[in-house]
Amino acid sequence: MFSNITEIDELVNRHVLYRQNCLNLIASENCSSLAVRNHLTSDFGNRYGCYSTADPANREYRGNKYIHEFEMKTQDLVKDVFGAAYADLRPIGGHIAGVASVLGLLSPHDLVLEIHLRDWGHGLVTLMREASHLQESIRLEFIPFDEDRAVDLPGLLRMIHDLKPRMIIFGGSGMLWPEPIAEIKEIASREGIILVHDSSHVNGLIAGGVFPNPLQQGVDVMIGSTHKSFPGPQGGFILTNDGEIYKKIGNTLGASLVTSHHLQRLPALAVAMLEMKAFGKEYGTQVIKNSQALGRYMEEDGFRVIGSARGYSQTHLILVDVSEFGSGLEISKQLEKANILCSDDFGQLDRELRIGTAEVTRNGMREGDMKFIADCFRRIIIEKEEPGQVAEDIRGFTEHYRDCLYALK
Ligand code: DSN
């Protein structure tokens, strides 16, 4: 255990140094700017600002006058960036925002369609149903996908017709393409289906206007986290244009899922929102260009890249099927030895790697740099080179990319 502050600082610094020398391609991570980090610690972090309904005016603790003003102004900023009428900033992550939406909007025995973990879904209801009584009360089926990992629209329309779901949850952890929300909006309205979008992964791209905004396309609720392609502090939000939905979810969230909502996130979140207003388009455009370039270089290097025929990706990540070379999990561990950090498919088919481009883009890398990254994968996975030399080359390469661009000073 630690016995003094020096030991604590030393270990944090070792982590920072280690991660500086890694290629961080974990799609659910990002670096935040100095301005965001500098706003993560304040007196807010030691205060209670709870409200147990959806109404922030009903604070349960005294001394909240500036906290309330701050939260309202941050809500306004988030609503402005995402074009939403209502924003709830209390969820500590996208997952709990989703749990609140499901619990707040469904009735017992309603059917939900979500993305299967095998198709890189987040598994929101799948995991909730591990609590046995929820297994009895929420029915679940999965959205069909095609071989490019795009939603199979005719298949989904058939399911809607045959199964009459009450809720459809789009958005996953391996999103390559926008989903057909506009295409099903009409039938969803007619059939009373609640459309939810888990935008956790693509929030930064939506903020930059380079990925379709699900709220504008017609979803009833957009949930998400603020620390993936959106380069803010760890946290989550719920957005909607429907006042009744806002109340139902907010009342559920405040009553049973989040009491103290970690106010220290708010100033950092506000700074990150301003950064995305200023630089989101430029950042998001470069992220997508980098994903597409990386897909192309990976394919040239001999990998099977999912969605190759459609241009590899329209998001901050690509998916690569590495099954011909071994287990995805084992390969990701071998890559880690070379300081290449990416995700295997989290215990699903064990055949794909998810490679994200958000953080390296913020570090300043552009399309040409993706060649170096693709070659590192080739050296480890195909040529089975010892990781030491690759790690050394990565250390030399990343030395030139320690910036955090698209940031306010
Ligand atoms: N769903 C996990 C991921 O995408 O990495 C965590 O949010």
# chains A, B, ... in the order shown; residues from 1 in each chain; ligands from 1
$ residues_near_ligand --ligand "ligand 1" --cutoff "10 Å" --atoms "only C-alpha atoms and all ligand atoms" --output "PyMOL selection string"
chain A and resi 26-29+93-95+117+120-124+172-175+200-201+224-225+227-228+342-346+354
$ select_by_dssp --residues "segment 75-153 of chain A" --states "alpha helix (DSSP H)" --output "VMD selection string"
chain A and resid 75 to 82 94 to 105 124 to 128 132 to 137 153
$ write_last_selection --atoms "N, CA, C and O atoms" --output "compact mmCIF listing (two decimals), in the first residue's frame"
# COMPACT_ATOMS: atom_id res chain seq x y z
N GLN A 75 -26.09 22.83 -18.82
CA GLN A 75 -27.19 22.19 -19.56
C GLN A 75 -27.48 22.95 -20.85
O GLN A 75 -27.64 22.36 -21.92
N ASP A 76 -27.53 24.29 -20.75
CA ASP A 76 -27.83 25.10 -21.95
C ASP A 76 -26.78 24.90 -23.04
O ASP A 76 -27.10 24.83 -24.22
N LEU A 77 -25.54 24.80 -22.60
CA LEU A 77 -24.45 24.60 -23.56
C LEU A 77 -24.58 23.24 -24.25
O LEU A 77 -24.44 23.12 -25.48
N VAL A 78 -24.87 22.22 -23.47
CA VAL A 78 -25.03 20.87 -24.03
C VAL A 78 -26.22 20.84 -24.99
O VAL A 78 -26.13 20.28 -26.09
N LYS A 79 -27.32 21.48 -24.58
CA LYS A 79 -28.50 21.52 -25.45
C LYS A 79 -28.18 22.23 -26.76
O LYS A 79 -28.61 21.81 -27.83
N ASP A 80 -27.39 23.29 -26.66
CA ASP A 80 -27.01 24.04 -27.85
C ASP A 80 -26.14 23.19 -28.78
O ASP A 80 -26.37 23.13 -29.99
N VAL A 81 -25.14 22.52 -28.20
CA VAL A 81 -24.22 21.72 -29.03
C VAL A 81 -24.96 20.58 -29.73
O VAL A 81 -24.71 20.28 -30.90
N PHE A 82 -25.91 19.93 -29.02
CA PHE A 82 -26.56 18.75 -29.60
C PHE A 82 -27.97 19.03 -30.13
O PHE A 82 -28.65 18.10 -30.56
N GLY A 94 -22.55 6.77 -19.81
CA GLY A 94 -23.61 6.44 -20.77
C GLY A 94 -24.43 5.25 -20.33
O GLY A 94 -25.63 5.17 -20.60
N HIS A 95 -23.80 4.31 -19.63
CA HIS A 95 -24.51 3.09 -19.24
C HIS A 95 -25.67 3.41 -18.29
O HIS A 95 -26.80 2.95 -18.50
N ILE A 96 -25.38 4.22 -17.28
CA ILE A 96 -26.43 4.50 -16.30
C ILE A 96 -27.51 5.39 -16.95
O ILE A 96 -28.70 5.30 -16.59
N ALA A 97 -27.13 6.19 -17.92
CA ALA A 97 -28.12 6.97 -18.68
C ALA A 97 -29.07 6.02 -19.40
O ALA A 97 -30.29 6.24 -19.47
N GLY A 98 -28.52 4.94 -19.92
CA GLY A 98 -29.34 3.94 -20.61
C GLY A 98 -30.23 3.18 -19.64
O GLY A 98 -31.41 2.95 -19.92
N VAL A 99 -29.68 2.80 -18.50
CA VAL A 99 -30.47 2.07 -17.50
C VAL A 99 -31.68 2.93 -17.09
O VAL A 99 -32.81 2.45 -17.01
N ALA A 100 -31.44 4.22 -16.85
CA ALA A 100 -32.52 5.11 -16.44
C ALA A 100 -33.58 5.21 -17.55
O ALA A 100 -34.79 5.24 -17.27
N SER A 101 -33.14 5.24 -18.80
CA SER A 101 -34.10 5.35 -19.90
C SER A 101 -34.96 4.10 -19.98
O SER A 101 -36.19 4.19 -20.16
N VAL A 102 -34.33 2.95 -19.85
CA VAL A 102 -35.08 1.69 -19.94
C VAL A 102 -36.06 1.58 -18.77
O VAL A 102 -37.26 1.30 -18.94
N LEU A 103 -35.57 1.83 -17.57
CA LEU A 103 -36.44 1.68 -16.39
C LEU A 103 -37.53 2.75 -16.37
O LEU A 103 -38.64 2.51 -15.92
N GLY A 104 -37.19 3.94 -16.86
CA GLY A 104 -38.16 5.03 -16.79
C GLY A 104 -39.24 4.97 -17.86
O GLY A 104 -40.33 5.50 -17.66
N LEU A 105 -38.95 4.31 -18.98
CA LEU A 105 -39.89 4.39 -20.10
C LEU A 105 -40.65 3.10 -20.40
O LEU A 105 -41.66 3.13 -21.09
N LEU A 124 -26.75 -3.13 -23.14
CA LEU A 124 -27.43 -2.46 -22.03
C LEU A 124 -28.49 -3.35 -21.38
O LEU A 124 -28.39 -3.71 -20.20
N VAL A 125 -29.48 -3.74 -22.17
CA VAL A 125 -30.57 -4.55 -21.60
C VAL A 125 -30.09 -5.98 -21.36
O VAL A 125 -30.48 -6.63 -20.39
N THR A 126 -29.19 -6.45 -22.22
CA THR A 126 -28.61 -7.79 -22.01
C THR A 126 -28.04 -7.88 -20.60
O THR A 126 -28.28 -8.85 -19.88
N LEU A 127 -27.30 -6.88 -20.18
CA LEU A 127 -26.67 -6.92 -18.85
C LEU A 127 -27.70 -6.66 -17.75
O LEU A 127 -27.65 -7.29 -16.70
N MET A 128 -28.65 -5.75 -18.01
CA MET A 128 -29.69 -5.52 -17.01
C MET A 128 -30.46 -6.79 -16.71
O MET A 128 -30.85 -7.06 -15.57
N SER A 132 -32.33 -11.22 -12.13
CA SER A 132 -33.32 -12.20 -12.57
C SER A 132 -34.72 -11.62 -12.77
O SER A 132 -35.41 -11.97 -13.71
N HIS A 133 -35.13 -10.70 -11.91
CA HIS A 133 -36.50 -10.21 -12.08
C HIS A 133 -36.64 -9.38 -13.35
O HIS A 133 -37.70 -9.32 -13.96
N LEU A 134 -35.52 -8.75 -13.79
CA LEU A 134 -35.59 -7.99 -15.04
C LEU A 134 -35.65 -8.94 -16.23
O LEU A 134 -36.23 -8.63 -17.26
N GLN A 135 -35.05 -10.12 -16.07
CA GLN A 135 -35.13 -11.11 -17.14
C GLN A 135 -36.59 -11.50 -17.36
O GLN A 135 -37.03 -11.72 -18.48
N GLU A 136 -37.32 -11.54 -16.26
CA GLU A 136 -38.74 -11.88 -16.39
C GLU A 136 -39.54 -10.73 -16.96
O GLU A 136 -40.53 -10.93 -17.64
N SER A 137 -39.11 -9.49 -16.69
CA SER A 137 -40.00 -8.38 -17.05
C SER A 137 -39.61 -7.65 -18.33
O SER A 137 -40.42 -6.92 -18.87
N LEU A 153 -31.59 -3.22 -42.81
CA LEU A 153 -32.86 -2.50 -42.72
C LEU A 153 -34.08 -3.37 -43.06
O LEU A 153 -35.04 -3.38 -42.28
$ closest_residue --among "A:Gly302, A:Gly83, A:Pro387, A:Gly284" --to "Tyr406 of chain A" --atoms "only C-alpha atoms"
A:Gly284
$ atom_distance --atom1 "atom CA of Asp148 of chain A" --atom2 "atom CA of Pro214 of chain A"
20.8 Å
$ residues_around --residues "Asn363 of chain A" --least-positions-apart "3" --cutoff "6 Å" --atoms "only C-alpha atoms" --output "VMD selection string"
chain A and resid 360 401 to 404
$ write_last_selection --atoms "all heavy atoms" --output "PDB file, in the first residue's frame"
ATOM      1  N   VAL A 360      -5.337   9.525 -31.230  1.00  0.00           N
ATOM      2  CA  VAL A 360      -4.148   9.818 -32.045  1.00  0.00           C
ATOM      3  C   VAL A 360      -4.390  11.046 -32.933  1.00  0.00           C
ATOM      4  O   VAL A 360      -3.461  11.793 -33.247  1.00  0.00           O
ATOM      5  CB  VAL A 360      -3.662   8.601 -32.875  1.00  0.00           C
ATOM      6  CG1 VAL A 360      -3.125   7.503 -31.969  1.00  0.00           C
ATOM      7  CG2 VAL A 360      -4.732   8.072 -33.820  1.00  0.00           C
ATOM      8  N   TYR A 401       4.222  13.334 -31.293  1.00  0.00           N
ATOM      9  CA  TYR A 401       2.765  13.504 -31.213  1.00  0.00           C
ATOM     10  C   TYR A 401       2.292  13.540 -29.769  1.00  0.00           C
ATOM     11  O   TYR A 401       1.531  12.690 -29.326  1.00  0.00           O
ATOM     12  CB  TYR A 401       2.063  12.371 -31.982  1.00  0.00           C
ATOM     13  CG  TYR A 401       2.359  12.408 -33.451  1.00  0.00           C
ATOM     14  CD1 TYR A 401       3.307  11.546 -34.005  1.00  0.00           C
ATOM     15  CD2 TYR A 401       1.742  13.329 -34.288  1.00  0.00           C
ATOM     16  CE1 TYR A 401       3.604  11.586 -35.362  1.00  0.00           C
ATOM     17  CE2 TYR A 401       2.027  13.382 -35.641  1.00  0.00           C
ATOM     18  CZ  TYR A 401       2.964  12.510 -36.167  1.00  0.00           C
ATOM     19  OH  TYR A 401       3.258  12.561 -37.505  1.00  0.00           O
ATOM     20  N   ARG A 402       2.780  14.520 -29.050  1.00  0.00           N
ATOM     21  CA  ARG A 402       2.368  14.657 -27.650  1.00  0.00           C
ATOM     22  C   ARG A 402       1.391  15.814 -27.458  1.00  0.00           C
ATOM     23  O   ARG A 402       1.084  16.203 -26.354  1.00  0.00           O
ATOM     24  CB  ARG A 402       3.601  14.876 -26.770  1.00  0.00           C
ATOM     25  CG  ARG A 402       4.597  13.738 -26.817  1.00  0.00           C
ATOM     26  CD  ARG A 402       4.483  12.838 -25.600  1.00  0.00           C
ATOM     27  NE  ARG A 402       5.148  11.559 -25.801  1.00  0.00           N
ATOM     28  CZ  ARG A 402       6.425  11.323 -25.525  1.00  0.00           C
ATOM     29  NH1 ARG A 402       7.172  12.279 -25.012  1.00  0.00           N
ATOM     30  NH2 ARG A 402       6.942  10.121 -25.728  1.00  0.00           N
ATOM     31  N   ASP A 403       0.923  16.382 -28.592  1.00  0.00           N
ATOM     32  CA  ASP A 403       0.003  17.529 -28.497  1.00  0.00           C
ATOM     33  C   ASP A 403      -1.376  17.070 -28.070  1.00  0.00           C
ATOM     34  O   ASP A 403      -1.694  15.889 -28.079  1.00  0.00           O
ATOM     35  CB  ASP A 403      -0.153  18.187 -29.878  1.00  0.00           C
ATOM     36  CG  ASP A 403       1.087  18.940 -30.285  1.00  0.00           C
ATOM     37  OD1 ASP A 403       1.816  19.372 -29.375  1.00  0.00           O
ATOM     38  OD2 ASP A 403       1.336  19.078 -31.497  1.00  0.00           O
ATOM     39  N   CYS A 404      -2.196  18.030 -27.721  1.00  0.00           N
ATOM     40  CA  CYS A 404      -3.620  17.758 -27.621  1.00  0.00           C
ATOM     41  C   CYS A 404      -4.293  18.884 -28.402  1.00  0.00           C
ATOM     42  O   CYS A 404      -4.527  19.976 -27.877  1.00  0.00           O
ATOM     43  CB  CYS A 404      -4.065  17.737 -26.156  1.00  0.00           C
ATOM     44  SG  CYS A 404      -5.771  17.226 -26.031  1.00  0.00           S
TER      45      CYS A 404
END
$ residues_around --residues "segment 246-258 of chain A" --least-positions-apart "4" --cutoff "12 Å" --atoms "only C-alpha atoms" --output "short mmCIF file (atom, residue, chain, number, x, y, z; two decimals) with N, CA, C and O atoms, in the first residue's frame"
data_model
loop_
_atom_site.label_atom_id
_atom_site.label_comp_id
_atom_site.auth_asym_id
_atom_site.auth_seq_id
_atom_site.Cartn_x
_atom_site.Cartn_y
_atom_site.Cartn_z
N TYR A 48 -22.82 18.50 -2.40
CA TYR A 48 -24.00 17.76 -2.85
C TYR A 48 -24.94 18.71 -3.58
O TYR A 48 -25.31 19.74 -3.04
N GLY A 49 -25.32 18.33 -4.79
CA GLY A 49 -26.25 19.16 -5.56
C GLY A 49 -27.49 18.38 -5.95
O GLY A 49 -28.13 18.70 -6.94
N CYS A 50 -27.81 17.35 -5.15
CA CYS A 50 -28.87 16.39 -5.56
C CYS A 50 -30.23 17.02 -5.76
O CYS A 50 -30.60 17.95 -5.07
N TYR A 51 -30.95 16.44 -6.70
CA TYR A 51 -32.40 16.65 -6.79
C TYR A 51 -33.00 15.31 -7.20
O TYR A 51 -32.51 14.65 -8.10
N SER A 52 -34.05 14.90 -6.49
CA SER A 52 -34.48 13.51 -6.66
C SER A 52 -35.54 13.34 -7.75
O SER A 52 -35.95 12.24 -8.06
N THR A 53 -35.97 14.45 -8.35
CA THR A 53 -36.88 14.34 -9.50
C THR A 53 -36.11 14.84 -10.72
O THR A 53 -34.90 15.00 -10.67
N ALA A 54 -36.84 15.11 -11.81
CA ALA A 54 -36.16 15.64 -13.00
C ALA A 54 -35.96 17.15 -12.90
O ALA A 54 -35.39 17.76 -13.81
N ASP A 55 -36.42 17.76 -11.82
CA ASP A 55 -36.40 19.22 -11.74
C ASP A 55 -35.22 19.74 -10.91
O ASP A 55 -35.23 19.66 -9.69
N PRO A 56 -34.22 20.32 -11.56
CA PRO A 56 -33.02 20.78 -10.85
C PRO A 56 -33.32 21.89 -9.84
O PRO A 56 -32.50 22.16 -8.96
N ASN A 58 -35.40 21.76 -7.54
CA ASN A 58 -35.70 21.15 -6.24
C ASN A 58 -34.46 20.54 -5.60
O ASN A 58 -34.40 19.33 -5.36
N ARG A 59 -33.46 21.35 -5.33
CA ARG A 59 -32.22 20.83 -4.72
C ARG A 59 -32.50 20.45 -3.27
O ARG A 59 -33.23 21.15 -2.56
N GLU A 60 -31.89 19.35 -2.86
CA GLU A 60 -32.15 18.85 -1.51
C GLU A 60 -31.21 19.43 -0.46
O GLU A 60 -31.46 19.32 0.73
N ALA A 84 -30.76 19.92 -28.54
CA ALA A 84 -31.78 19.24 -27.73
C ALA A 84 -32.57 20.26 -26.92
O ALA A 84 -32.04 21.30 -26.51
N ALA A 85 -33.81 19.93 -26.64
CA ALA A 85 -34.62 20.82 -25.80
C ALA A 85 -34.36 20.58 -24.32
O ALA A 85 -34.50 21.48 -23.50
N TYR A 86 -34.00 19.34 -23.98
CA TYR A 86 -33.78 18.98 -22.56
C TYR A 86 -32.48 18.18 -22.42
O TYR A 86 -32.18 17.33 -23.26
N ALA A 87 -31.76 18.46 -21.34
CA ALA A 87 -30.52 17.71 -21.08
C ALA A 87 -30.45 17.39 -19.59
O ALA A 87 -30.66 18.27 -18.75
N ASP A 88 -30.16 16.15 -19.28
CA ASP A 88 -29.93 15.74 -17.90
C ASP A 88 -28.46 15.33 -17.80
O ASP A 88 -28.03 14.41 -18.50
N LEU A 89 -27.71 16.03 -16.97
CA LEU A 89 -26.25 15.80 -16.91
C LEU A 89 -25.85 14.94 -15.71
O LEU A 89 -24.67 14.83 -15.40
N ARG A 90 -26.82 14.36 -15.03
CA ARG A 90 -26.48 13.64 -13.81
C ARG A 90 -25.86 12.26 -14.00
O ARG A 90 -25.10 11.82 -13.14
N PRO A 91 -26.14 11.54 -15.10
CA PRO A 91 -25.56 10.19 -15.20
C PRO A 91 -24.04 10.22 -15.14
O PRO A 91 -23.42 11.10 -15.75
N ILE A 92 -23.47 9.30 -14.42
CA ILE A 92 -22.00 9.29 -14.34
C ILE A 92 -21.38 8.61 -15.55
O ILE A 92 -20.16 8.54 -15.68
N GLY A 93 -22.19 8.08 -16.45
CA GLY A 93 -21.70 7.51 -17.69
C GLY A 93 -22.87 7.17 -18.59
O GLY A 93 -24.04 7.27 -18.17
N HIS A 95 -23.80 4.31 -19.63
CA HIS A 95 -24.51 3.09 -19.24
C HIS A 95 -25.67 3.41 -18.29
O HIS A 95 -26.80 2.95 -18.50
N ILE A 96 -25.38 4.22 -17.28
CA ILE A 96 -26.43 4.50 -16.30
C ILE A 96 -27.51 5.39 -16.95
O ILE A 96 -28.70 5.30 -16.59
N ALA A 97 -27.13 6.19 -17.92
CA ALA A 97 -28.12 6.97 -18.68
C ALA A 97 -29.07 6.02 -19.40
O ALA A 97 -30.29 6.24 -19.47
N GLY A 98 -28.52 4.94 -19.92
CA GLY A 98 -29.34 3.94 -20.61
C GLY A 98 -30.23 3.18 -19.64
O GLY A 98 -31.41 2.95 -19.92
N VAL A 99 -29.68 2.80 -18.50
CA VAL A 99 -30.47 2.07 -17.50
C VAL A 99 -31.68 2.93 -17.09
O VAL A 99 -32.81 2.45 -17.01
N ALA A 100 -31.44 4.22 -16.85
CA ALA A 100 -32.52 5.11 -16.44
C ALA A 100 -33.58 5.21 -17.55
O ALA A 100 -34.79 5.24 -17.27
N SER A 101 -33.14 5.24 -18.80
CA SER A 101 -34.10 5.35 -19.90
C SER A 101 -34.96 4.10 -19.98
O SER A 101 -36.19 4.19 -20.16
N VAL A 102 -34.33 2.95 -19.85
CA VAL A 102 -35.08 1.69 -19.94
C VAL A 102 -36.06 1.58 -18.77
O VAL A 102 -37.26 1.30 -18.94
N LEU A 103 -35.57 1.83 -17.57
CA LEU A 103 -36.44 1.68 -16.39
C LEU A 103 -37.53 2.75 -16.37
O LEU A 103 -38.64 2.51 -15.92
N GLY A 104 -37.19 3.94 -16.86
CA GLY A 104 -38.16 5.03 -16.79
C GLY A 104 -39.24 4.97 -17.86
O GLY A 104 -40.33 5.50 -17.66
N LEU A 105 -38.95 4.31 -18.98
CA LEU A 105 -39.89 4.39 -20.10
C LEU A 105 -40.65 3.10 -20.40
O LEU A 105 -41.66 3.13 -21.09
N LEU A 106 -40.15 1.97 -19.90
CA LEU A 106 -40.79 0.70 -20.25
C LEU A 106 -41.81 0.25 -19.22
O LEU A 106 -41.73 0.61 -18.04
N ASP A 220 -36.24 9.46 -29.89
CA ASP A 220 -36.91 10.09 -28.75
C ASP A 220 -35.92 10.44 -27.65
O ASP A 220 -36.13 11.40 -26.91
N VAL A 221 -34.90 9.63 -27.52
CA VAL A 221 -33.91 9.84 -26.46
C VAL A 221 -32.52 9.56 -27.01
O VAL A 221 -32.31 8.59 -27.73
N MET A 222 -31.59 10.42 -26.63
CA MET A 222 -30.18 10.18 -26.98
C MET A 222 -29.43 10.09 -25.65
O MET A 222 -29.53 10.98 -24.81
N ILE A 223 -28.76 8.98 -25.46
CA ILE A 223 -27.98 8.81 -24.23
C ILE A 223 -26.51 8.72 -24.62
O ILE A 223 -26.20 8.39 -25.76
N GLY A 236 -21.77 11.18 -18.27
CA GLY A 236 -22.80 10.83 -19.24
C GLY A 236 -23.90 11.86 -19.28
O GLY A 236 -23.92 12.80 -18.47
N PHE A 237 -24.81 11.70 -20.24
CA PHE A 237 -25.97 12.60 -20.31
C PHE A 237 -27.16 11.92 -20.97
O PHE A 237 -27.02 10.87 -21.61
N ILE A 238 -28.31 12.55 -20.77
CA ILE A 238 -29.55 12.11 -21.43
C ILE A 238 -30.11 13.35 -22.13
O ILE A 238 -30.25 14.40 -21.51
N LEU A 239 -30.40 13.22 -23.41
CA LEU A 239 -30.95 14.34 -24.18
C LEU A 239 -32.27 13.93 -24.81
O LEU A 239 -32.42 12.79 -25.25
N THR A 240 -33.20 14.84 -24.86
CA THR A 240 -34.47 14.57 -25.52
C THR A 240 -35.13 15.89 -25.90
O THR A 240 -34.79 16.95 -25.36
N ASN A 241 -36.07 15.80 -26.82
CA ASN A 241 -36.88 16.98 -27.16
C ASN A 241 -38.27 16.86 -26.58
O ASN A 241 -39.12 17.70 -26.86
N ASP A 242 -38.49 15.83 -25.79
CA ASP A 242 -39.84 15.54 -25.28
C ASP A 242 -39.87 15.74 -23.76
O ASP A 242 -39.21 15.00 -23.01
N HIS A 262 -21.82 13.96 -8.74
CA HIS A 262 -20.41 14.21 -9.08
C HIS A 262 -20.24 15.53 -9.84
O HIS A 262 -19.87 15.56 -11.02
N LEU A 263 -20.48 16.61 -9.10
CA LEU A 263 -20.50 17.94 -9.70
C LEU A 263 -19.16 18.39 -10.26
O LEU A 263 -19.11 19.32 -11.07
#
$ select_by_dssp --residues "segment 76-249 of chain A" --states "strand (DSSP E or B)" --output "PyMOL selection string"
chain A and resi 86-88+111-114+121+139-142+145+151+167-170+172+194-198+221-225+236-240
$ write_last_selection --atoms "N, CA, C and O atoms" --output "short mmCIF file (atom, residue, chain, number, x, y, z; two decimals), in the first residue's frame"
data_model
loop_
_atom_site.label_atom_id
_atom_site.label_comp_id
_atom_site.auth_asym_id
_atom_site.auth_seq_id
_atom_site.Cartn_x
_atom_site.Cartn_y
_atom_site.Cartn_z
N TYR A 86 -34.00 19.34 -23.98
CA TYR A 86 -33.78 18.98 -22.56
C TYR A 86 -32.48 18.18 -22.42
O TYR A 86 -32.18 17.33 -23.26
N ALA A 87 -31.76 18.46 -21.34
CA ALA A 87 -30.52 17.71 -21.08
C ALA A 87 -30.45 17.39 -19.59
O ALA A 87 -30.66 18.27 -18.75
N ASP A 88 -30.16 16.15 -19.28
CA ASP A 88 -29.93 15.74 -17.90
C ASP A 88 -28.46 15.33 -17.80
O ASP A 88 -28.03 14.41 -18.50
N LEU A 111 -41.12 -5.41 -25.14
CA LEU A 111 -40.02 -6.00 -25.91
C LEU A 111 -39.06 -4.90 -26.35
O LEU A 111 -39.48 -3.87 -26.89
N VAL A 112 -37.77 -5.14 -26.14
CA VAL A 112 -36.72 -4.21 -26.58
C VAL A 112 -35.90 -4.87 -27.69
O VAL A 112 -35.59 -6.07 -27.60
N LEU A 113 -35.57 -4.10 -28.71
CA LEU A 113 -34.57 -4.55 -29.69
C LEU A 113 -33.30 -3.76 -29.42
O LEU A 113 -33.34 -2.52 -29.41
N GLU A 114 -32.20 -4.45 -29.19
CA GLU A 114 -30.92 -3.75 -29.06
C GLU A 114 -29.86 -4.49 -29.87
O GLU A 114 -30.12 -5.55 -30.45
N GLY A 121 -22.64 -4.40 -29.79
CA GLY A 121 -23.58 -3.64 -28.99
C GLY A 121 -22.97 -3.36 -27.62
O GLY A 121 -22.00 -4.02 -27.22
N ARG A 139 -38.48 -8.20 -22.19
CA ARG A 139 -38.18 -9.15 -23.27
C ARG A 139 -37.16 -8.52 -24.21
O ARG A 139 -37.13 -7.29 -24.37
N LEU A 140 -36.34 -9.36 -24.84
CA LEU A 140 -35.22 -8.81 -25.62
C LEU A 140 -34.99 -9.59 -26.90
O LEU A 140 -34.96 -10.82 -26.89
N GLU A 141 -34.83 -8.86 -27.99
CA GLU A 141 -34.39 -9.44 -29.27
C GLU A 141 -33.31 -8.51 -29.83
O GLU A 141 -33.11 -7.41 -29.32
N PHE A 142 -32.65 -8.98 -30.90
CA PHE A 142 -31.49 -8.22 -31.37
C PHE A 142 -31.65 -7.68 -32.79
O PHE A 142 -32.19 -8.36 -33.67
N PHE A 145 -27.77 -7.34 -38.44
CA PHE A 145 -26.69 -6.61 -39.14
C PHE A 145 -26.27 -7.38 -40.38
O PHE A 145 -26.42 -8.60 -40.45
N VAL A 151 -26.68 -1.91 -40.14
CA VAL A 151 -27.99 -2.46 -39.80
C VAL A 151 -28.67 -2.99 -41.06
O VAL A 151 -28.68 -2.33 -42.10
N MET A 167 -39.44 -0.68 -27.71
CA MET A 167 -38.27 0.22 -27.73
C MET A 167 -37.19 -0.37 -28.64
O MET A 167 -36.97 -1.58 -28.63
N ILE A 168 -36.53 0.50 -29.39
CA ILE A 168 -35.36 0.07 -30.17
C ILE A 168 -34.18 0.92 -29.72
O ILE A 168 -34.26 2.16 -29.70
N ILE A 169 -33.09 0.25 -29.35
CA ILE A 169 -31.89 0.99 -28.89
C ILE A 169 -30.79 0.83 -29.93
O ILE A 169 -30.23 -0.25 -30.11
N PHE A 170 -30.52 1.91 -30.63
CA PHE A 170 -29.42 1.92 -31.60
C PHE A 170 -28.14 2.36 -30.90
O PHE A 170 -28.16 2.86 -29.78
N GLY A 172 -23.75 1.49 -30.72
CA GLY A 172 -22.98 0.44 -30.07
C GLY A 172 -21.53 0.85 -29.89
O GLY A 172 -21.17 2.01 -30.11
N ILE A 194 -40.55 3.48 -28.99
CA ILE A 194 -39.63 4.51 -28.48
C ILE A 194 -38.26 4.25 -29.10
O ILE A 194 -37.70 3.15 -28.95
N LEU A 195 -37.71 5.24 -29.77
CA LEU A 195 -36.38 5.10 -30.37
C LEU A 195 -35.34 5.74 -29.45
O LEU A 195 -35.46 6.92 -29.09
N VAL A 196 -34.33 4.95 -29.09
CA VAL A 196 -33.25 5.44 -28.22
C VAL A 196 -31.95 5.32 -29.00
O VAL A 196 -31.76 4.34 -29.74
N HIS A 197 -31.08 6.28 -28.86
CA HIS A 197 -29.75 6.14 -29.48
C HIS A 197 -28.68 6.27 -28.42
O HIS A 197 -28.58 7.29 -27.74
N ASP A 198 -27.89 5.21 -28.27
CA ASP A 198 -26.72 5.28 -27.39
C ASP A 198 -25.59 5.85 -28.24
O ASP A 198 -24.93 5.14 -29.01
N VAL A 221 -34.90 9.63 -27.52
CA VAL A 221 -33.91 9.84 -26.46
C VAL A 221 -32.52 9.56 -27.01
O VAL A 221 -32.31 8.59 -27.73
N MET A 222 -31.59 10.42 -26.63
CA MET A 222 -30.18 10.18 -26.98
C MET A 222 -29.43 10.09 -25.65
O MET A 222 -29.53 10.98 -24.81
N ILE A 223 -28.76 8.98 -25.46
CA ILE A 223 -27.98 8.81 -24.23
C ILE A 223 -26.51 8.72 -24.62
O ILE A 223 -26.20 8.39 -25.76
N GLY A 224 -25.63 8.98 -23.69
CA GLY A 224 -24.24 8.82 -24.09
C GLY A 224 -23.26 9.23 -23.03
O GLY A 224 -23.63 9.76 -21.98
N SER A 225 -22.02 8.96 -23.32
CA SER A 225 -20.95 9.36 -22.42
C SER A 225 -20.19 10.53 -23.03
O SER A 225 -20.35 10.83 -24.22
N GLY A 236 -21.77 11.18 -18.27
CA GLY A 236 -22.80 10.83 -19.24
C GLY A 236 -23.90 11.86 -19.28
O GLY A 236 -23.92 12.80 -18.47
N PHE A 237 -24.81 11.70 -20.24
CA PHE A 237 -25.97 12.60 -20.31
C PHE A 237 -27.16 11.92 -20.97
O PHE A 237 -27.02 10.87 -21.61
N ILE A 238 -28.31 12.55 -20.77
CA ILE A 238 -29.55 12.11 -21.43
C ILE A 238 -30.11 13.35 -22.13
O ILE A 238 -30.25 14.40 -21.51
N LEU A 239 -30.40 13.22 -23.41
CA LEU A 239 -30.95 14.34 -24.18
C LEU A 239 -32.27 13.93 -24.81
O LEU A 239 -32.42 12.79 -25.25
N THR A 240 -33.20 14.84 -24.86
CA THR A 240 -34.47 14.57 -25.52
C THR A 240 -35.13 15.89 -25.90
O THR A 240 -34.79 16.95 -25.36
#
$ closest_residue --among "A:Leu408, A:Leu205, A:Leu25, A:Leu157" --to "Glu282 of chain A" --atoms "only C-alpha atoms"
A:Leu205
